[in-house]
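In what follows, a single structure is set out as structure tokens and then discussed.
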Amino acid sequence: MKGKARIDGRSVDCVPGQSIVAAAKGIGIAIPTLCYDPRVEPSATCRLCLVKVKGRRLPVAACAHALEPEMEVTSEDPDLESWRRTILALALSENPAAECRRCAEIGPCELHALAKKLAVSPVFQGAASGRFKEDSNPFIRRDYEQCIYCYRCTRVCGELEQAHAIAPAGRGFKSRIATFFDGGLLESSCTFCGQCVQTCPTGALMDKKMLGKARATEATKVRSVCPFCGTGCGIELHVARGRVIGVTPDWNAPVNQGSLCVKGQFGLDFIHSPERLTTPLIRRNGKLTAATWDEAYGLIVGKFQQIKDESGPGAFALWSSSRGTSESNYLMQKFARAVIGTNNIDNCART
Amino acid sequence: MKELRPNPQSSDPAPFLAELHRVAKGGLLSRTALEELAASLQTPLADLYSAASFYHYFKLDGDEPLGEGVCRGPVCSLSGITARAHFDLPSISCPGLCDQAPARYDRGDFSSAASSDGGFRLPHRANGEEALFHHIRAPDRRLESYRRNDGYGMLLNLVQNKSDDDAFAALQASGLSGRGGAAFPLALKWRAVRDAEGSPKYVVCNADEGEPGTFKDRPILHLQPHLLLEAMAIAGYLAGANVGIIYLRYEYPRAYDVLAKAIGEAEEEGLLGSNVGGSSFCFQIHIRRGAGSYVCGEESALLNSLEGRRPWPRERPPYPTSRGLWGRPTVVNNVETLCFVPLILRHGADWFGSLGRGGSSGTKIYSVSGRVCRPGNFELPVGISARELIMDYAGGPPSGRSLKAFTLGGISGGLLASEHLSLSLDYRSPAKHGVFLGSGGVIVLDDQCCVVDFVRSCVLFYEAESCGKCTPCRIGTVRLRELLDGLTGRGNLPSGVRQQMEKISDTMGASSACGLGQSVPLVVSGMGRFFAEELREHTQRKCRAGVCRF
């Protein structure tokens with residue numbers, strides 16, 4: 001199905017299966033979206049990405065339709081602009097909350113950033129759709145007064161993370177995001193990967209640990225790699241006043257493409273933990289006491305030598321961590337074979 | 001779209017709804033029951049909860065159980081009886097007893113507060129030739145009665161003589177198109193399924209008419225079950241499917257018994273099931289009851305409902321002809337459409353063509369309700385005028401009253417005024433007024449009715465039935481109803497109310513994900529175009545019919 005199509009008069013090569021949104025992005029045309037997350041099946045719920053396709057009576061959702069050869073797509077015209085502005089105004093009307101905490105404390109949410117970009121104000125008034133959900137879990141704040149029901153969270157939870165903890169329940173304006181029988185996340189199959197929080201385009205889902213730490217304008221983002229395992233997921237550390245206040249995934253990291261697990265997402269507060277070890281500890285008279293590195297290594301070398309002399313190198317087995325890099329794991333086996341003299345070496349990633 | 005398949009351990013092509021009905025005690029689904037079901041269906045708990053919580057007639061532990069209810073839909077609220085006699089009962093969605101309004105619900109059964117016929121009410125007799133209703137007044141529904149009039153003759157002829165090409169040619173020549181509302185040519189659809197890659201293939205009968213003012217399939221489902229079964233088997237034979245599913249709306253519980261009995265009779269006679277008529281063709285028909293949801297009448301939502309998913313409409317293309325039930329090629333046709341098939345094969349395309357008027361083919365079942373003397377179903381030519389249908393057949397408004405407005409397609413085809421009575425009811429003419437024949441439901445308003453109040457009740461219906469998938473429909477229906485609340489004295493009246501309604505309507509019509517949301521603007525814009533003065537009076541808190549209280 002190779003061929004060429006046109007978007008806003010510009011010729012584009014068709015890639016089989018590629019959506020109109022993605023193809024447009026490839027040539028620098030940003031079609032507005034809210035329910036779109038390229039990692040999961042499109043749901044075409046927000047309808048903001050509507051484009052006109054020549055020969056079709058009604059506009060189509062560009063996120064859910066592939067760009068096909070000979071297609072002539074219009075992504076901007078007065079009709080589309082009017083529809084998009086009305087849809088966005090409708091979405092704003094179900095979230096009458098005065099302040100968005102995501103915008104204030106973490107960084108601009110997609111909904112408000114788009115409303116600002118298109119200069120859309122809430123022209124419609126009426127009932128609000130969602131309610132704040134009390135949930136005692138330590139990680140995820142669920143404030144559906146801010147929800148626009150794009151269902152990104154439920155799709156990411158089901159399709160991407162395969163956790164199936166949350167799904168849409170009820171119907172129509174009374175639809176809600178629910179676990180089985182509307183329980184808390186702790187009682188559900190939630191793994192607290194936090195990816196619902198990260199894909200959420202509003203302040204409906206937020207990282208509880210990040211709230212109340214700083215204003216969004218105070219923090220800078222530092223690209224880093226998650227230290228918890230050897231996968232090497234890209235993360236962005238949010239740093240304010242010299243302290244790490246939270247983590248968001250690096251959307252461009254090739255390894256994880258925006259995904260993280262519970263450790264990387266919510267576990268990095270160990271950085272500033274008062275319980276963190278800052279020196280080697282040696283057990284003396286049954287009690288761990290602080291020591292220097294020279295003292296610690298001296299003890300290790302002495303004990304290793306003693307065991308090797310008494311029982312031979314076969315008494316050793318070495319086990320290295322996949323949190324280490326390939327280089328450190330290489331060095332570990334070198335140490336086992338060349339220094340200790342044993343082949344008893346393994347790695348926790350080899351199961 | 002992901003590769004989908006039914007549970008391979010189950011021989012049932014669509015077990016979900018049947019299982020939910022099985023474990024629901026008095027309509028109530030308990031936590032334990034859903035946990036057990038999720039395990040046996042291999043479905044995540046949250047997903048099963050998501051699907052089950054969608055339907056009106058499944059209540060979940062903790063919900064208020066629904067014992068009794070009354071319809072306050074667009075038609076029943078015109079009857080005037082609802083408000084007085086049943087003011088304390090909760091509302092139910094239109095159960096298709098609009099010709100016997102108001103409709104009541106009582107623990108699983110639906111009845112009329114005004115008559116005792118319910119679903120079994122006979123259609124009115126037309127002066128001209130009837131096709132579908134020709135034998136409907138026979139005193140019994142048994143198989144032998146149907147066979148006496150050559151029933152199943154066309155199916156047996158097909159499977160024994162393998163005359164597929166002749167059958168396709170006749171269906172194509174007849175011009176038969178979908179009677180559910182979309183008017184897609186039937187022969188094209190069946191050919192597409194026959195030629196599509198993928199197996200197994202399915203035939204799904206859409207018996208989920210939920211459109212207010214539309215109850216045309218009701219007499220067939222209650223009184224002519226074998227006509228439908230024969231038609232589905234013919235569809236299966238021609239399209240290459242061995243499984244048929246009737247998706248029956250929850251509101252027709254007695255039709256379930258009628259159909260189940262008829263399937264049993266036909267299987268016993270070798271007309272359905274294995275080796276139909278001694279041939280190698282096998283065709284098994286299952287019935288699945290819905291659980292109260294208008295949007296399930298939309299074919300792609302219906303398929304999702306059968307698969308046990310949330311019944312949201314799917315983005316199209318792909319169409320069900322290539323990716324239908326479980327992602328397999330699927331014929332989805334409305335009851336009325338299917339039932340024409342054996343008749344066309346028996347009497348020929350020319351006969352079918354001659355039934356229509358003014359260049360249109362065939363007859364159509366028109367359901368007339370609201371303020372007329374003889375509400376009910378009429379089988380009349382496609383192309384009959386609105387005046388003949390409403391004034392002559394349905395007897396027009398009660399004596400002393402005059403006709404003010406009428407709808408097409410239930411409430412989803414649009415709203416017209418008395419000056420449009422000469423309109424020909426076919427698949428082309430209504431478009432010149434921006435309206436559609438749709439399902440063939442016609443609701444009549446007389447001069448005692450308030451158009452604005454009526455449009456509000458239509459939008460209220462859409463609001464209750466909006467699935468919540470797409471933003472314009474999910475929020476737009478609510479905002480429109482709130483504006484109409486203001487216009488009918490039920491709430492605040494913001495300035496610029498008409499402009500706001502226009503903006504929302506225009507956006508919903510263009511951008512909603514399915515026909516439900518796309519149709520909402522038709523009644524609203526009909527009110528604006530043909531009843532502008534009455535609408536303007538409401539912005540000044542005046543109601544000429546005296547219905548709205550300010």
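Going by the structure tokens order, chains are called A, B, ..., each with residues numbered from 1, while ligands are numbered from 1 in the order shown.
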> So which bits of region 294-402 of chain B end up helix (DSSP H, G or I) when you DSSP the backbone, as a VMD selection string?
Replying inline: chain B and resid 294 to 297 299 to 306 325 to 327 335 to 347 349 to 355 386 to 393
Write out as a PDB file with C-alpha atoms, in the first residue's frame every residue belonging to chain A that has an atom at most 9 Å from any atom of chain B, counting only C-alpha atoms.
ATOM      1  CA  GLU A  41      -4.860   1.784  20.148  1.00  0.00           C
ATOM      2  CA  SER A  43      -9.893   5.641  20.801  1.00  0.00           C
ATOM      3  CA  ALA A  44     -10.912   8.725  18.807  1.00  0.00           C
ATOM      4  CA  THR A  45     -12.845  10.016  21.782  1.00  0.00           C
ATOM      5  CA  CYS A  46     -11.823  13.660  22.046  1.00  0.00           C
ATOM      6  CA  ARG A  47     -12.528  14.348  18.348  1.00  0.00           C
ATOM      7  CA  LEU A  48     -10.096  17.287  18.324  1.00  0.00           C
ATOM      8  CA  LEU A  50     -10.815  15.797  13.109  1.00  0.00           C
ATOM      9  CA  LEU A  58     -18.028  13.799   7.553  1.00  0.00           C
ATOM     10  CA  PRO A  59     -14.637  14.712   8.974  1.00  0.00           C
ATOM     11  CA  VAL A  60     -12.563  11.803  10.284  1.00  0.00           C
ATOM     12  CA  ALA A  61     -10.500  11.359  13.437  1.00  0.00           C
ATOM     13  CA  ALA A  64      -7.699   6.495  14.171  1.00  0.00           C
ATOM     14  CA  HIS A  65      -7.403   6.486  10.395  1.00  0.00           C
ATOM     15  CA  SER A  82     -14.942  26.148  14.873  1.00  0.00           C
ATOM     16  CA  TRP A  83     -15.611  22.507  15.764  1.00  0.00           C
ATOM     17  CA  ARG A  84     -12.338  22.151  17.632  1.00  0.00           C
ATOM     18  CA  THR A  86     -16.414  24.210  20.541  1.00  0.00           C
ATOM     19  CA  ILE A  87     -15.238  20.743  21.586  1.00  0.00           C
ATOM     20  CA  LEU A  88     -12.468  22.228  23.681  1.00  0.00           C
ATOM     21  CA  LEU A  90     -17.193  21.799  26.086  1.00  0.00           C
ATOM     22  CA  ALA A  91     -14.300  19.895  27.656  1.00  0.00           C
ATOM     23  CA  SER A  93     -16.976  23.290  30.852  1.00  0.00           C
ATOM     24  CA  GLU A  94     -16.919  19.968  32.669  1.00  0.00           C
ATOM     25  CA  VAL A 123     -18.030  29.705  27.126  1.00  0.00           C
ATOM     26  CA  PHE A 124     -20.427  26.977  28.225  1.00  0.00           C
ATOM     27  CA  GLN A 125     -21.618  26.520  31.773  1.00  0.00           C
ATOM     28  CA  GLY A 126     -23.322  23.641  33.437  1.00  0.00           C
ATOM     29  CA  ALA A 127     -23.014  20.575  35.602  1.00  0.00           C
ATOM     30  CA  SER A 129     -19.041  15.466  35.393  1.00  0.00           C
ATOM     31  CA  ILE A 148     -12.093  14.991  30.559  1.00  0.00           C
ATOM     32  CA  TYR A 149     -12.743  11.277  29.945  1.00  0.00           C
ATOM     33  CA  CYS A 150     -10.218  10.784  27.164  1.00  0.00           C
ATOM     34  CA  TYR A 151      -9.684   7.240  28.490  1.00  0.00           C
ATOM     35  CA  GLY A 158      -5.033  -2.347  29.984  1.00  0.00           C
ATOM     36  CA  ALA A 163      -2.652  -4.406  34.525  1.00  0.00           C
ATOM     37  CA  HIS A 164      -6.392  -3.981  33.800  1.00  0.00           C
ATOM     38  CA  ALA A 165      -6.871  -2.233  37.123  1.00  0.00           C
ATOM     39  CA  ILE A 166      -9.080   0.580  35.847  1.00  0.00           C
ATOM     40  CA  ALA A 167     -11.701   0.813  33.109  1.00  0.00           C
ATOM     41  CA  PRO A 168     -14.531   3.153  32.198  1.00  0.00           C
ATOM     42  CA  ALA A 169     -17.727   2.370  34.111  1.00  0.00           C
ATOM     43  CA  GLY A 170     -21.262   3.725  33.915  1.00  0.00           C
ATOM     44  CA  ARG A 171     -22.250   5.583  30.781  1.00  0.00           C
ATOM     45  CA  GLY A 172     -22.658   8.961  29.171  1.00  0.00           C
ATOM     46  CA  PHE A 173     -21.988  12.050  31.232  1.00  0.00           C
ATOM     47  CA  LYS A 174     -21.993   9.835  34.311  1.00  0.00           C
ATOM     48  CA  SER A 175     -19.145   7.692  33.001  1.00  0.00           C
ATOM     49  CA  ILE A 177     -12.953   5.709  35.729  1.00  0.00           C
ATOM     50  CA  ALA A 178     -13.303   2.778  38.063  1.00  0.00           C
ATOM     51  CA  THR A 179     -11.644  -0.292  39.460  1.00  0.00           C
ATOM     52  CA  PHE A 180     -13.762  -3.385  40.049  1.00  0.00           C
ATOM     53  CA  PHE A 181     -16.765  -2.200  42.089  1.00  0.00           C
ATOM     54  CA  SER A 188      -7.199  -3.679  42.587  1.00  0.00           C
ATOM     55  CA  SER A 189      -4.721  -5.275  40.202  1.00  0.00           C
TER      56      SER A 189
END
>> I need the residue nearest Arg218 (chain B) from this list: B:Leu522, B:Leu97, B:Val331, B:Leu188. Use only C-alpha atoms for the distance.
In response: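 Closest to Arg218 (chain B) of all the choices is B:Leu97.
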>> For Lys4 (chain A), find every residue with an atom within 8 Å (counting only C-alpha atoms), except residues of its own chain fewer than 6 positions away, and show them as a ChimeraX atom specification.
In response: /A:11-14,68-71
Residue selection dump (N, CA, C and O atoms) as a PDB file, in the first residue's frame:
ATOM      1  N   SER A  11       2.739  16.997  -0.296  1.00  0.00           N
ATOM      2  CA  SER A  11       2.825  15.584  -0.625  1.00  0.00           C
ATOM      3  C   SER A  11       3.515  14.812   0.512  1.00  0.00           C
ATOM      4  O   SER A  11       4.508  15.252   1.071  1.00  0.00           O
ATOM      5  N   VAL A  12       2.926  13.676   0.869  1.00  0.00           N
ATOM      6  CA  VAL A  12       3.487  12.855   1.948  1.00  0.00           C
ATOM      7  C   VAL A  12       3.549  11.407   1.465  1.00  0.00           C
ATOM      8  O   VAL A  12       2.616  10.927   0.828  1.00  0.00           O
ATOM      9  N   ASP A  13       4.642  10.715   1.806  1.00  0.00           N
ATOM     10  CA  ASP A  13       4.719   9.279   1.513  1.00  0.00           C
ATOM     11  C   ASP A  13       3.853   8.531   2.508  1.00  0.00           C
ATOM     12  O   ASP A  13       3.893   8.796   3.705  1.00  0.00           O
ATOM     13  N   CYS A  14       3.089   7.575   2.007  1.00  0.00           N
ATOM     14  CA  CYS A  14       2.250   6.784   2.912  1.00  0.00           C
ATOM     15  C   CYS A  14       3.057   5.618   3.469  1.00  0.00           C
ATOM     16  O   CYS A  14       3.704   4.891   2.719  1.00  0.00           O
ATOM     17  N   GLU A  68      -3.849   7.006   3.577  1.00  0.00           N
ATOM     18  CA  GLU A  68      -3.813   6.078   2.456  1.00  0.00           C
ATOM     19  C   GLU A  68      -3.479   6.806   1.165  1.00  0.00           C
ATOM     20  O   GLU A  68      -3.731   8.008   1.052  1.00  0.00           O
ATOM     21  N   PRO A  69      -2.901   6.062   0.222  1.00  0.00           N
ATOM     22  CA  PRO A  69      -2.516   6.695  -1.034  1.00  0.00           C
ATOM     23  C   PRO A  69      -3.685   7.439  -1.670  1.00  0.00           C
ATOM     24  O   PRO A  69      -4.827   6.981  -1.589  1.00  0.00           O
ATOM     25  N   GLU A  70      -3.393   8.555  -2.263  1.00  0.00           N
ATOM     26  CA  GLU A  70      -4.371   9.389  -2.979  1.00  0.00           C
ATOM     27  C   GLU A  70      -5.275  10.191  -2.037  1.00  0.00           C
ATOM     28  O   GLU A  70      -6.112  10.946  -2.496  1.00  0.00           O
ATOM     29  N   MET A  71      -5.137   9.990  -0.729  1.00  0.00           N
ATOM     30  CA  MET A  71      -5.975  10.769   0.194  1.00  0.00           C
ATOM     31  C   MET A  71      -5.612  12.240   0.093  1.00  0.00           C
ATOM     32  O   MET A  71      -4.445  12.591  -0.039  1.00  0.00           O
TER      33      MET A  71
END
>> Using only C-alpha atoms, which protein or nucleic acid residues come within 7 Å of Leu338 (chain B)? Drop anything in the same chain fewer than 5 positions from it, and give the result as a PyMOL selection string.
In response: chain B and resi 228+231-232+333
Those selected residues, please, written with N, CA and C atoms and delivered as a PDB file, in the first residue's frame.
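As written to disk, again.pdb reads:
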ATOM      1  N   LEU B 228     -38.391 -14.243  10.070  1.00  0.00           N
ATOM      2  CA  LEU B 228     -37.053 -13.742  10.399  1.00  0.00           C
ATOM      3  C   LEU B 228     -36.014 -14.874  10.381  1.00  0.00           C
ATOM      4  N   ALA B 231     -35.133 -15.841   6.909  1.00  0.00           N
ATOM      5  CA  ALA B 231     -34.316 -14.794   6.287  1.00  0.00           C
ATOM      6  C   ALA B 231     -32.866 -14.873   6.764  1.00  0.00           C
ATOM      7  N   MET B 232     -32.686 -15.125   8.051  1.00  0.00           N
ATOM      8  CA  MET B 232     -31.307 -15.195   8.574  1.00  0.00           C
ATOM      9  C   MET B 232     -30.565 -16.392   8.006  1.00  0.00           C
ATOM     10  N   ASN B 333     -27.867  -6.885   9.833  1.00  0.00           N
ATOM     11  CA  ASN B 333     -29.063  -6.310   9.221  1.00  0.00           C
ATOM     12  C   ASN B 333     -30.176  -6.194  10.251  1.00  0.00           C
TER      13      ASN B 333
END
>> DSSP on the backbone, strand (DSSP E) only: what residues of region 117-207 of chain B does that give? Format it as a PyMOL selection string.
In response: chain B and resi 202-207
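Note that CA of Glu130 (chain B) and CA of Arg147 (chain B) are 18.5 Å apart.
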>> Env of region 203-217 of chain A: 10 Å cut, atoms = only C-alpha atoms, seq-sep filter 5 positions within chain, self excluded. Answer as a PyMOL selection string.
In response: chain A and resi 95+99-112+130-133+137-149+153+194-198+238-241+243-248+265-266+269
Given the selection you just returned, output its residues as a file containing N, CA and C atoms, formatted as a compact mmCIF listing (two decimals), in the first residue's frame.
# COMPACT_ATOMS: atom_id res chain seq x y z
N ASN A 95 -14.91 20.90 33.66
CA ASN A 95 -13.86 21.05 34.66
C ASN A 95 -13.83 22.47 35.18
N GLU A 99 -8.28 26.25 39.80
CA GLU A 99 -6.87 26.10 39.55
C GLU A 99 -6.53 24.64 39.24
N CYS A 100 -5.67 24.46 38.27
CA CYS A 100 -5.21 23.12 37.94
C CYS A 100 -3.90 22.89 38.68
N ARG A 101 -3.87 21.93 39.60
CA ARG A 101 -2.65 21.72 40.39
C ARG A 101 -1.52 21.14 39.54
N ARG A 102 -1.91 20.44 38.49
CA ARG A 102 -0.85 19.91 37.64
C ARG A 102 -0.09 21.07 36.98
N CYS A 103 -0.87 22.02 36.43
CA CYS A 103 -0.24 23.18 35.80
C CYS A 103 0.60 23.94 36.83
N ALA A 104 0.08 24.07 38.05
CA ALA A 104 0.73 24.91 39.04
C ALA A 104 1.98 24.26 39.62
N GLU A 105 1.93 22.96 39.85
CA GLU A 105 3.02 22.35 40.62
C GLU A 105 3.92 21.43 39.82
N ILE A 106 3.44 20.93 38.68
CA ILE A 106 4.25 19.96 37.97
C ILE A 106 4.66 20.46 36.59
N GLY A 107 3.75 21.15 35.95
CA GLY A 107 4.04 21.67 34.62
C GLY A 107 2.76 21.68 33.84
N PRO A 108 2.68 22.47 32.76
CA PRO A 108 1.41 22.67 32.05
C PRO A 108 0.78 21.34 31.63
N CYS A 109 -0.50 21.15 31.92
CA CYS A 109 -1.19 19.95 31.45
C CYS A 109 -1.59 20.17 30.00
N GLU A 110 -1.81 19.08 29.28
CA GLU A 110 -2.11 19.20 27.85
C GLU A 110 -3.39 19.98 27.60
N LEU A 111 -4.40 19.75 28.44
CA LEU A 111 -5.69 20.42 28.24
C LEU A 111 -5.53 21.93 28.31
N HIS A 112 -4.91 22.41 29.37
CA HIS A 112 -4.81 23.85 29.54
C HIS A 112 -3.79 24.47 28.59
N GLY A 130 -17.29 14.89 36.98
CA GLY A 130 -16.59 13.93 37.84
C GLY A 130 -16.52 14.35 39.29
N ARG A 131 -16.07 13.43 40.12
CA ARG A 131 -15.91 13.71 41.55
C ARG A 131 -14.52 13.32 41.98
N PHE A 132 -14.05 14.00 43.01
CA PHE A 132 -12.79 13.61 43.62
C PHE A 132 -12.95 12.21 44.21
N LYS A 133 -11.97 11.34 43.96
CA LYS A 133 -12.08 9.97 44.46
C LYS A 133 -11.11 9.79 45.61
N ASN A 137 -4.21 4.99 48.58
CA ASN A 137 -2.90 4.54 48.11
C ASN A 137 -1.88 5.67 48.24
N PRO A 138 -0.59 5.34 48.42
CA PRO A 138 0.39 6.39 48.68
C PRO A 138 0.91 7.13 47.43
N PHE A 139 0.50 6.70 46.24
CA PHE A 139 1.17 7.23 45.05
C PHE A 139 0.30 8.11 44.14
N ILE A 140 -0.94 7.68 43.91
CA ILE A 140 -1.72 8.30 42.83
C ILE A 140 -2.93 9.04 43.37
N ARG A 141 -3.02 10.31 43.03
CA ARG A 141 -4.15 11.14 43.44
C ARG A 141 -5.17 11.11 42.31
N ARG A 142 -6.43 10.84 42.66
CA ARG A 142 -7.47 10.66 41.64
C ARG A 142 -8.54 11.73 41.82
N ASP A 143 -8.41 12.81 41.05
CA ASP A 143 -9.35 13.91 41.17
C ASP A 143 -10.13 14.04 39.86
N TYR A 144 -11.24 13.32 39.78
CA TYR A 144 -11.97 13.30 38.52
C TYR A 144 -12.79 14.56 38.29
N GLU A 145 -12.70 15.52 39.21
CA GLU A 145 -13.27 16.84 38.90
C GLU A 145 -12.46 17.50 37.79
N GLN A 146 -11.27 16.96 37.53
CA GLN A 146 -10.41 17.51 36.49
C GLN A 146 -10.40 16.63 35.23
N CYS A 147 -11.18 15.55 35.25
CA CYS A 147 -11.08 14.55 34.19
C CYS A 147 -11.89 14.99 32.96
N ILE A 148 -11.35 14.72 31.79
CA ILE A 148 -12.09 14.99 30.56
C ILE A 148 -12.47 13.69 29.83
N TYR A 149 -12.29 12.56 30.49
CA TYR A 149 -12.74 11.28 29.95
C TYR A 149 -12.20 11.01 28.53
N CYS A 153 -5.85 6.83 30.37
CA CYS A 153 -5.39 6.06 31.54
C CYS A 153 -5.85 4.61 31.45
N GLY A 194 2.24 3.88 37.61
CA GLY A 194 2.11 5.33 37.49
C GLY A 194 1.95 5.82 36.07
N GLN A 195 1.77 4.90 35.14
CA GLN A 195 1.71 5.35 33.74
C GLN A 195 0.40 6.01 33.39
N CYS A 196 -0.65 5.74 34.19
CA CYS A 196 -1.91 6.48 34.02
C CYS A 196 -1.68 7.95 34.34
N VAL A 197 -0.88 8.20 35.38
CA VAL A 197 -0.58 9.57 35.78
C VAL A 197 0.17 10.28 34.65
N GLN A 198 1.12 9.56 34.08
CA GLN A 198 1.98 10.19 33.09
C GLN A 198 1.27 10.46 31.77
N HIS A 238 12.94 15.89 38.37
CA HIS A 238 12.52 17.27 38.59
C HIS A 238 13.27 17.78 39.81
N VAL A 239 14.04 18.82 39.61
CA VAL A 239 14.92 19.30 40.67
C VAL A 239 14.55 20.73 41.05
N ALA A 240 14.33 20.93 42.34
CA ALA A 240 14.05 22.29 42.81
C ALA A 240 14.83 22.51 44.09
N ARG A 241 15.43 23.64 44.19
CA ARG A 241 16.23 24.02 45.37
C ARG A 241 17.21 22.92 45.74
N ARG A 243 17.12 19.80 45.35
CA ARG A 243 16.61 18.49 45.75
C ARG A 243 15.76 17.90 44.63
N VAL A 244 15.82 16.57 44.52
CA VAL A 244 14.97 15.88 43.54
C VAL A 244 13.57 15.80 44.13
N ILE A 245 12.59 16.41 43.43
CA ILE A 245 11.23 16.42 43.99
C ILE A 245 10.33 15.41 43.29
N GLY A 246 10.79 14.84 42.21
CA GLY A 246 9.94 13.84 41.55
C GLY A 246 10.53 13.39 40.24
N VAL A 247 9.84 12.46 39.63
CA VAL A 247 10.33 11.82 38.40
C VAL A 247 9.21 11.81 37.36
N THR A 248 9.54 12.11 36.12
CA THR A 248 8.63 11.80 35.02
C THR A 248 9.43 11.02 33.99
N GLN A 265 9.20 5.06 38.97
CA GLN A 265 8.24 6.14 39.04
C GLN A 265 8.12 6.72 40.45
N PHE A 266 8.04 5.83 41.42
CA PHE A 266 7.73 6.31 42.77
C PHE A 266 8.82 6.01 43.80
N ASP A 269 12.57 8.52 45.84
CA ASP A 269 12.70 9.40 46.99
C ASP A 269 13.73 8.86 48.01
> Skipping near chain neighbours, those fewer than 2 positions away, what residues fall within 9 Å of Lys263 (chain A) using only C-alpha atoms, listed as a PyMOL selection string?
Replying inline: chain A and resi 192-193+226+228+260-261+265-268
>> Quick one: residues within 12 Å of region 114-122 of chain B, only C-alpha atoms, excluding same-chain residues fewer than 6 positions away - as a ChimeraX atom specification?
In response: /B:76,79-82,85,95-105,133-141,215-224,251-256,258,375-379
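Note that the spacing between CA of Val547 (chain B) and CA of Gln448 (chain B) amounts to 7.9 Å.
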